[in-house]
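Below: the structure, in structure tokens.
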Amino acid sequence: MADELGPVYDLITRRLLRGKVVPVLGAGVNLCERPPDVPWERGRYLPSGRELAAALARYVGNVVIDGHDLAQVSQYVAALEGEGSLYEELHDVFDADYPPTLLHRFLARLSRRTREAEEARECMLIVTTNYDDSLERAFTAEGEPYELVTYIAEGRDRGLFRHVTVGGEPTVIRVPNEYVDLRLDRRSVIAKIHGAVDRVHRADSFVITEDHYIDYITRADVAGLFPVTLAAKLQRSHFLFLGYSLRDWNFRVMLYRLWGEQEGKNFKSWAIQADPNPIDRAAWDDRGVDILPVRVENFVAAVEQRLPPHRMVTP
């Protein structure tokens with residue numbers, strides 16, 4: 001398998017270093033490095049989507065609902081107790097110093113390599129539907145600057161993105177196609193397109209209930225939401241999906257928006273998915289995505305082996 005995938009790893013590594021690949025992270029990446037059969041643990045191991053759904057179901061007394069469907073369980077909690085209660089439970093889960101995984105640390109290092117690479121014209125854009133801040137903490141530990149863009153799911157600014165600069169100043173992006181303060185030629189951008197926990201100001205934002213996803217679907221497409229520089233990046237990049245299954249309908253909503261940005265242009269994309277089932281294989285193939293049937297840890301190791309020696313850049 002390693003020899004068979006060698007040329008694919010070569011291609012992905014080359015395009016990553018040119019800043020031409022957008023990694024898209026799902027909840028499955030939270031299982032990276034976790035020992036088998038070990039459950040999530042607050043402050044130690046991040047939950048998968050199913051584990052978070054099960055935790056919320058236990059919170060409301062294991063009612064007769066699909067305990068594996070996070071959107072359905074979240075909808076029930078919000079209907080039963082209000083979204084304020086749901087947000088409190090989610091904040092409690094994610095307001096902890098979860099150690100960044102191997103993948104988070106790799107992306108932070110790769111950001112530096114891409115930013116310093118002579119062949120790259122711009123820095124990385126990393127898209128994630130996860131709510132935790134482990135990726136940001138990995139960047140901070142690496143000393144790698146980044147800017148943050150987070151979707152706003154509630155309140156008067158619902159449906160817009162908030163830009164948090166390096167200095168920590170938040171700005172609501174009200175006119176996306178005129179917003180040029182995000183400069184990918186200077187530093188990488190982390191885009192949290194389903195919201196995120198806010199551990200400082202508690203301005204949490206979660207696209208998580210069925211109603212949230214319905215509202216998300218009815219909003220403008222990504223071009224109407226993303227700042228113009230990020231929308232342009234999506235139009236001319238490969239996608240690298242990590243931690244996703246196409247069986248999740250809420251993921252497909254996001255996926256179709258991302259693909260809609262490319263307007264028929266053919267950029268090969270890849271999905272890292274160990275042991276994919278026939279449904280996932282057919283679904284990914286229908287979208288023109290090649291599956292690499294390996295674990296995330298193995299994929300990271302293969303790419304790192306192919307990175308050229310790091311040249312220190314003098315400021």
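As shown in the structure tokens, the chain order sets the letters A, B, ...; within each chain, residues go from 1, and ligands are also counted from 1 in the order they appear.
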
Subject >> For segment 92-108 of chain A: contacts at 8 Å, only C-alpha atoms, fewer than 5 positions along chain excluded, given as JSON, numbers by chain >> reply: {"A": [29, 30, 32, 33, 42, 43, 44, 45, 46, 131, 132, 134, 135, 137, 138, 139, 142, 144, 197, 199, 296, 297, 300]}

Writing out the chosen residues with N, CA and C atoms as a tab-separated table (two decimals), in the first residue's frame:
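Saved the output as result.tsv:
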```tsv
chain	number	residue	atom	x	y	z
A	29	VAL	N	-10.80	13.73	13.35
A	29	VAL	CA	-9.38	13.96	13.63
A	29	VAL	C	-9.12	14.00	15.13
A	30	ASN	N	-10.17	14.17	15.93
A	30	ASN	CA	-9.98	14.18	17.38
A	30	ASN	C	-9.56	12.82	17.92
A	32	CYS	N	-7.23	11.04	16.55
A	32	CYS	CA	-5.82	10.85	16.19
A	32	CYS	C	-4.99	10.66	17.46
A	33	GLU	N	-4.20	9.60	17.49
A	33	GLU	CA	-3.30	9.24	18.59
A	33	GLU	C	-4.01	8.67	19.81
A	42	ARG	N	-12.49	14.70	29.35
A	42	ARG	CA	-12.38	16.15	29.37
A	42	ARG	C	-10.97	16.59	29.73
A	43	GLY	N	-10.38	17.42	28.89
A	43	GLY	CA	-9.04	17.93	29.12
A	43	GLY	C	-7.93	17.02	28.65
A	44	ARG	N	-8.29	15.81	28.19
A	44	ARG	CA	-7.26	14.87	27.72
A	44	ARG	C	-7.49	14.42	26.30
A	45	TYR	N	-8.69	13.88	26.01
A	45	TYR	CA	-9.03	13.42	24.67
A	45	TYR	C	-10.31	14.09	24.22
A	46	LEU	N	-10.27	14.73	23.05
A	46	LEU	CA	-11.44	15.39	22.51
A	46	LEU	C	-12.48	14.36	22.07
A	131	TYR	N	-15.22	22.58	17.07
A	131	TYR	CA	-15.49	23.71	17.95
A	131	TYR	C	-14.34	24.00	18.92
A	132	ASP	N	-13.44	23.08	19.12
A	132	ASP	CA	-12.37	23.24	20.11
A	132	ASP	C	-11.28	24.17	19.59
A	134	SER	N	-7.86	23.40	19.89
A	134	SER	CA	-6.59	22.67	19.90
A	134	SER	C	-5.68	23.06	18.74
A	135	LEU	N	-6.26	23.33	17.57
A	135	LEU	CA	-5.43	23.74	16.44
A	135	LEU	C	-4.78	25.08	16.71
A	137	ARG	N	-4.07	26.34	19.58
A	137	ARG	CA	-3.07	26.15	20.63
A	137	ARG	C	-1.80	25.51	20.06
A	138	ALA	N	-1.94	24.65	19.05
A	138	ALA	CA	-0.77	24.07	18.40
A	138	ALA	C	0.03	25.15	17.67
A	139	PHE	N	-0.66	26.06	16.99
A	139	PHE	CA	0.02	27.17	16.33
A	139	PHE	C	0.76	28.03	17.36
A	142	GLU	N	3.89	26.40	18.57
A	142	GLU	CA	4.92	26.40	17.53
A	142	GLU	C	5.48	27.80	17.30
A	144	GLU	N	3.88	30.03	15.65
A	144	GLU	CA	3.47	30.34	14.28
A	144	GLU	C	2.25	31.26	14.30
A	197	VAL	N	-15.98	27.38	20.37
A	197	VAL	CA	-16.01	27.81	21.76
A	197	VAL	C	-15.17	29.07	21.89
A	199	ARG	N	-13.28	30.71	24.82
A	199	ARG	CA	-12.90	30.46	26.21
A	199	ARG	C	-12.54	31.73	26.97
A	296	VAL	N	-4.80	8.72	9.83
A	296	VAL	CA	-4.25	10.08	9.78
A	296	VAL	C	-2.79	10.08	10.21
A	297	GLU	N	-2.46	9.31	11.24
A	297	GLU	CA	-1.08	9.25	11.71
A	297	GLU	C	-0.12	8.79	10.61
A	300	VAL	N	0.31	11.61	7.95
A	300	VAL	CA	1.21	12.67	8.42
A	300	VAL	C	2.66	12.21	8.32
```

Among the residues of segment 184-238 of chain A, find those DSSP assigns to alpha helix (DSSP H) from the backbone and print them as a tab-separated table (two decimals) with C-alpha atoms, in the first residue's frame.
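Wrote it out as part_18.tsv, contents follow:
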```tsv
chain	number	residue	atom	x	y	z
A	210	GLU	CA	-31.09	20.65	13.22
A	211	ASP	CA	-32.47	24.21	13.19
A	212	HIS	CA	-28.93	25.59	13.02
A	213	TYR	CA	-28.19	23.48	9.94
A	214	ILE	CA	-31.45	24.48	8.27
A	215	ASP	CA	-30.58	28.12	8.86
A	216	TYR	CA	-27.05	27.45	7.60
A	217	ILE	CA	-28.42	25.93	4.40
A	218	THR	CA	-30.67	28.91	3.71
A	222	VAL	CA	-19.66	30.67	0.76
A	223	ALA	CA	-18.88	33.47	-1.69
A	224	GLY	CA	-21.54	35.52	0.01
A	225	LEU	CA	-20.14	34.79	3.48
A	228	VAL	CA	-13.05	37.84	-0.72
A	229	THR	CA	-9.46	36.66	-0.17
A	230	LEU	CA	-10.59	33.36	1.36
A	231	ALA	CA	-13.28	32.78	-1.28
A	232	ALA	CA	-10.61	33.26	-3.96
A	233	LYS	CA	-8.37	30.74	-2.20
A	234	LEU	CA	-11.13	28.12	-2.23
A	235	GLN	CA	-11.67	28.65	-5.95
```

query: Could you pull out all residues of segment 181-219 of chain A with a DSSP call of strand (DSSP E) and give them as a list of chain:residue names?
result: A:Ser188, A:Val189, A:Ile190, A:Ala191, A:Lys192, A:Gly195, A:Ala196, A:Ser205, A:Phe206

Given only C-alpha atoms as the basis, pick out the residue of A:Glu83, A:Glu51, A:Asp280, A:Glu116 nearest to Asp69 of chain A.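 Answer, going by the shortest atom-to-atom distance: A:Glu51.
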
Exercise for the section: Would you mind listing what lies within 9 Å of Ala78 of chain A as an NGL selection string, with only C-alpha atoms counted and same-chain residues fewer than 6 positions away left out? Expected result: :A and (84-87 or 209)
